[in-house]
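Below you'll find the structure, written out as structure tokens, and then a few comments.
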Amino acid sequence: MYIEKSRFESIEHLEHNIHLIKVYSPSIARSAKPGQFCNIKVSDTDFPLLRRPFSICNVEGEHIFFMFDIHGEGTLLLATKKAGDELDILGPLGNGFDSNGDYQTAVIVAGGLGAAPFPFLTKRLPADKNIYSLVGGRSLHQVIKWGLKNIHVSTDDGSEGFKGTIVELFKTKIDELDGKKIRVFGCGPNPMLKALQELSIENNFDCQISVECAMACGFGICQGCPIENADGGGYSLVCKDGPVFDAKKVKL
Amino acid sequence: MYIEKSRFESIEHLEHNIHLIKVYSPSIARSAKPGQFCNIKVSDTDFPLLRRPFSICNVEGEHIFFMFDIHGEGTLLLATKKAGDELDILGPLGNGFDSNGDYQTAVIVAGGLGAAPFPFLTKRLPADKNIYSLVGGRSLHQVIKWGLKNIHVSTDDGSEGFKGTIVELFKTKIDELDGKKIRVFGCGPNPMLKALQELSIENNFDCQISVECAMACGFGICQGCPIENADGGGYSLVCKDGPVFDAKKVKL
Amino acid sequence: MSNVELSVKIGSLELKNPVLLASGTVGYGNEIAQYTDLSKLGGIVTKSLSLKPRKGNPPQRIVETPSGMLNAIGLANVGVEVFVKEKIPFLKELNTTLICNIAASSIEEYVECTKILDGEDAIQAFEINVSCPNVKEGGLEFGNDVNAVGRITEKVRAVTKKTLIIKLSPNVSRISDFAKVVKEEGGDAVSAINTLVGTSFNIFTRKPKIKNITGGLSGPAIKPVALAKVLEISRNVDIPIIGIGGIMNWKDAAEFIIAGAAAVQLGTINFINPNAGVEIVEGLKTFCEQTSVNKISELTASYQL
Amino acid sequence: MSNVELSVKIGSLELKNPVLLASGTVGYGNEIAQYTDLSKLGGIVTKSLSLKPRKGNPPQRIVETPSGMLNAIGLANVGVEVFVKEKIPFLKELNTTLICNIAASSIEEYVECTKILDGEDAIQAFEINVSCPNVKEGGLEFGNDVNAVGRITEKVRAVTKKTLIIKLSPNVSRISDFAKVVKEEGGDAVSAINTLVGTSFNIFTRKPKIKNITGGLSGPAIKPVALAKVLEISRNVDIPIIGIGGIMNWKDAAEFIIAGAAAVQLGTINFINPNAGVEIVEGLKTFCEQTSVNKISELTASYQL
Ligand SMILES: Cc1cc2nc3c(=O)[nH]c(=O)nc-3n(C[C@H](O)[C@H](O)[C@H](O)COP(=O)(O)OP(=O)(O)OC[C@H]3O[C@@H](n4cnc5c(N)ncnc54)[C@H](O)[C@@H]3O)c2cc1C
Ligand SMILES: Cc1cc2nc3c(=O)[nH]c(=O)nc-3n(C[C@H](O)[C@H](O)[C@H](O)COP(=O)(O)OP(=O)(O)OC[C@H]3O[C@@H](n4cnc5c(N)ncnc54)[C@H](O)[C@@H]3O)c2cc1C
Ligand SMILES: Cc1cc2nc3c(=O)[nH]c(=O)nc-3n(C[C@H](O)[C@H](O)[C@H](O)COP(=O)(O)O)c2cc1C
Ligand SMILES: Cc1cc2nc3c(=O)[nH]c(=O)nc-3n(C[C@H](O)[C@H](O)[C@H](O)COP(=O)(O)O)c2cc1C
Ligand code: FES
Ligand code: FES
């Protein structure tokens, strides 16, 4: 894990309000695993005070990509960076996805910006695995396909693909997919993860979900990011024990 | 007085660390007088909290110029603005110089960035007046001549012009200038203004000094900017009653 | 167009809307009136007045701090007499509710000031600033002594029928105890909060940046503290609260109202955006429309704990 | 190369330099050790320990505020027993001074924890966190009751000869009264300050952003308040002070030292720059060199009022 003064390389605008930035951050790039995140200082001043956590969206050589929408002041500042600016990045953080093991098809379930960690997972998936990506959004402009493969789309308003939530779409595909030979990787807003968790438990899918929550440090010293353990025995820390959890092990 | 959302036009780098910015601010430009200042919101966020006061350095049509060095975070942010950015400017504020009346030569005495208000004064000086500018700095790079006329230079280290302070240079010129026919306009750091004040009182010069101090509002509502009256009867407000004062009327 | 009822009542005082400008951040109204339409506000609270004029503290009086500022103005003011003669005529023309803030060094002085000002029709309410050093009892602040606050409320109450608001100091462990005594002694409302005590040093000269050594911290930095004080009072005492501390925009104002405030005051923001009050009234109106709140008073203390 | 003497003494405790990492912002040392060399610091203060493990508050526990953050971690900790068994072995290897912070809900619990930990050679000093709700006396904080702080100091003093530091709550009117009682009851030093009580609401859900309703405000926002508290203690009580509150860089640290602190603790900054402590030690050294200060202890309380 590094505190790396990284070079901002470029920014690309994907769909409405979605930005993809590329930074030169060789140490983090070399050690990063899919599902991990970085905690980024978005300004050179003390404002905003805290770093902002972002999933590692992709790695190309010594470059990392992050994907985000403009949410508040932190992401606004990030979106106004220029090539050559220095960005102070802490990472890679968290556990990441476990993509090894005995399964045939990786089923990616991404809701909105929950797509962020999956280009990197798609790229690093063991060669013997198939990939099947379920990508949802409120409407066609919120569907983020960048870096994904074998994509099946749902939108809440039906403006593209299946009309309904991404987990509803998943349900319609269960027969197509062999429950024993898949591993599910989910990321997205909490209600979606909850639905996915239920679906996975019902069908006994092997399912890893990446969760989000407010964070200060991102590496285990503030205890600010608890998630309740499913067994009732206290809390895990999203930043250190997660952000990826076995869907059976946490309460959402 | 206006709260004017102004357009940042350009930035020019004069000497070491001295920046000259040009903004499109028609309402303020039309009503500004030399010696007045503006209180500028240097960011679009709440950080830094307070506006920053800057003398109106020059006016060209509907454009205003400000001159500054990078001092702290506020001026740093100002120096990184780009053409087209919006700048929220409050002004014109304060009383300004009184350049009318019965004298022949305007003697400008500027120490370092104290030169800032004088290009505008130089331009707007009544046509019948002569101008004589004494401009001092620590060394030749701190001597700011932009927009001034008939310039006599002093540097503390003697790297350009007279070796010594600008008030010492002024002393050597007193014989050249006719004390009764001049009006002195001074701006610069406090110790310089103090020396100038003494010299003017001794020689009974008509002298107006522009003073600086910490400010919050800039227009008289916070009472944060007192300057002691020479008669001992309380305080005047630098922002409202000044920033230009008759050198005899205030204690420095 | 809009059906939102923005008016609120504080004691017998009717305010057009819940947005007031705070004492010490609006002078006597004339300078700020160049930048904003004061008649659109709920009202203004004038700079703390004392019986005699005070010239205030020597400079430096203010310094910026992270998301805040310290001030030690020293209650510079013209005194009640000049106020009545010179300031009231202008204030009358503003068509806004006028609340007169009083600061004194003894209980007698509070009473005396209130008596003199009570005769002025233009003044609709009093706000008593108890965060002043108490000269008689050794320079401690009245505001930190619950008995002193009780006595001030009682004595001032006795000399005016106008709405009486006590402005509380936040530099105490349990602010609700102070609100309780205000209610018991007949005060109509409390304002919370005044500034927090703070300081700042120049590390090269080793001198305090503010000549007075300490100053009062205001601005967004104190907003979480102010909200917690408002909430504490709201949960413990049944008295109207005027919320103050770091309000920068309508969202902050709404946050105070939800946390228990019947009205709010804007302080430091006036220095940065003198038109903020009017913008906040507009913002609150839109917020109410969009969240189906018919009367803004229904928002007060609508917290879901 | 440098001749500046950075070591300081707090009671019988010798610190390599005056820069400590604050309780609750450094865990038990292991995670932060990946980013910084803890052996270069004056020491670390471990997360508040209670007798039994505590799982802490439900989420959301933290929220950012202007130049600050609120936290309501709820003193989540492993309890003294697990601490001794599992955490001390790693802490021993750090080659830094270890100060153990204790938080309890009764005076007996404070005493009990101290007794157990007193036997551990690795622990060089205790810091007693009195800002915890007092279960027996109705949930009020010990930290706001001068008698309770006196009794805690006395009882804990009786069971340990190690350096005893009492960490004071800032949510009081006169913090120097608390420092005085600590001194009288045999405490070696005080830490000031802990967090200020604050809150924050989501205006759309009308719920507090922090599940616990209120939280503790830390970060640069509180620096002016913390400095004023340190200065107040320094001017009124002759006891070593450990300054805490919003320190982001060496300048802030120097400001606290000038205002009266013998040492400083870094809290929130560790979350943003986990190497800040080491950078601040370097910065202080250079500052001393450039301003001809031979011993950093000479800077303590060197204010020019
Ligand atoms: C492990 C992890 C990975 C993430 N990956 C991505 C990603 O790849 N792309 C992306 O767009 N967003 C991601 N997020 C969410 C992202 O951190 C927030 O959108 C961002 O912090 C918003 O900052 P802001 O200043 O723009 O918004 P503001 O609303 O101004 O932020 C205010 C505060 O709230 C916190 N906050 C706001 N929203 C969130 C949120 N959803 N989750 C956690 N904290 C929040 C901020 O960190 C900050 O402290 C991730 C969050 C976590 C925890
Ligand atoms: C009437 C007036 C006219 C001015 N004209 C100019 C000008 O034309 N060019 C120029 O470069 N500077 C001018 N100044 C000074 C200028 O306001 C400060 O340099 C600027 O505020 C520094 O801001 P900062 O954030 O970069 O520095 P910081 O040091 O980070 O500022 C911190 C705080 O201190 C205040 N401050 C810092 N230095 C000064 C100072 N010298 N005077 C008053 N307040 C200060 C800031 O306003 C701010 O609140 C003027 C000041 C006044 C009062
Ligand atoms: C420069 C300044 C002067 C003030 N003067 C007074 C005063 O005279 N009387 C008073 O009761 N409060 C005074 N206050 C306190 C404000 O009314 C308000 O309570 C405080 O600033 C918190 O609000 P804010 O964070 O919105 O500024 C003053 C505040 C500032 C910043
Ligand atoms: C997330 C967090 C957890 C904390 N936990 C503790 C604690 O367990 N015990 C304690 O005495 N102080 C605790 N504190 C308070 C800090 O030690 C420190 O006093 C406070 O944060 C002010 O310093 P800062 O502004 O540098 O953060 C905690 C602070 C934070 C931010
Ligand atoms: S964010 Fe600090 S422990 Fe997880
Ligand atoms: S700066 Fe506010 S009164 Fe002068």
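Residue numbering restarts at 1 in every chain; chains get A, B, ... in the order shown in the structure tokens, and ligands count up from 1 in that same order.
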Mind listing the alpha helix (DSSP H) residues of range 59-92 of chain B, per DSSP on the backbone, as a PyMOL selection string? chain B and resi 73-79
Using only C-alpha atoms and a distance of at most 12 Å, pull out the residues of chain B that contact chain D, as a PyMOL selection string. chain B and resi 45-49
Could those selected residues go to a file with N, CA and C atoms, as a tab-separated table (two decimals), in the first residue's frame?
```tsv
chain	number	residue	atom	x	y	z
B	45	THR	N	-16.32	27.56	-4.02
B	45	THR	CA	-16.71	26.80	-2.84
B	45	THR	C	-16.69	27.73	-1.62
B	46	ASP	N	-16.98	27.18	-0.46
B	46	ASP	CA	-16.93	27.98	0.76
B	46	ASP	C	-15.50	28.09	1.31
B	47	PHE	N	-14.55	27.61	0.55
B	47	PHE	CA	-13.16	27.67	1.00
B	47	PHE	C	-12.31	28.41	-0.01
B	48	PRO	N	-11.51	29.42	0.31
B	48	PRO	CA	-11.49	30.02	1.64
B	48	PRO	C	-12.78	30.77	1.92
B	49	LEU	N	-13.06	30.95	3.19
B	49	LEU	CA	-14.35	31.49	3.59
B	49	LEU	C	-14.55	32.94	3.16
```
Report as a VMD selection string all protein, DNA and RNA residues lying within 12 Å of Gly72 in chain B, evaluated on only C-alpha atoms, omitting residues in the same chain fewer than 3 positions from it. (chain A and resid 45) or (chain B and resid 42 48 52 68 to 69 75 to 79) or (chain C and resid 64)
How would you report the residues lying within 7 Å of ligand 2, as a count of residues only, if you count only C-alpha atoms and all ligand atoms? 33
Please build the interface table for chain B against ligand 3 with a cut-off of 9 Å, listing for each qualifying residue the nearest atom pair and the distance in Å to one decimal; count only C-alpha atoms and all ligand atoms, order rows by chain and increasing number, and write it as a tab-separated table.
```
residue	atom	partner	partner_atom_place_in_ligand_line	distance
B:Ala216	CA	ligand 3	1 (C)	7.9
B:Cys217	CA	ligand 3	1 (C)	8.9
B:Ile221	CA	ligand 3	1 (C)	8.0
B:Cys222	CA	ligand 3	1 (C)	4.6
B:Gln223	CA	ligand 3	1 (C)	6.5
B:Gly224	CA	ligand 3	1 (C)	6.3
```
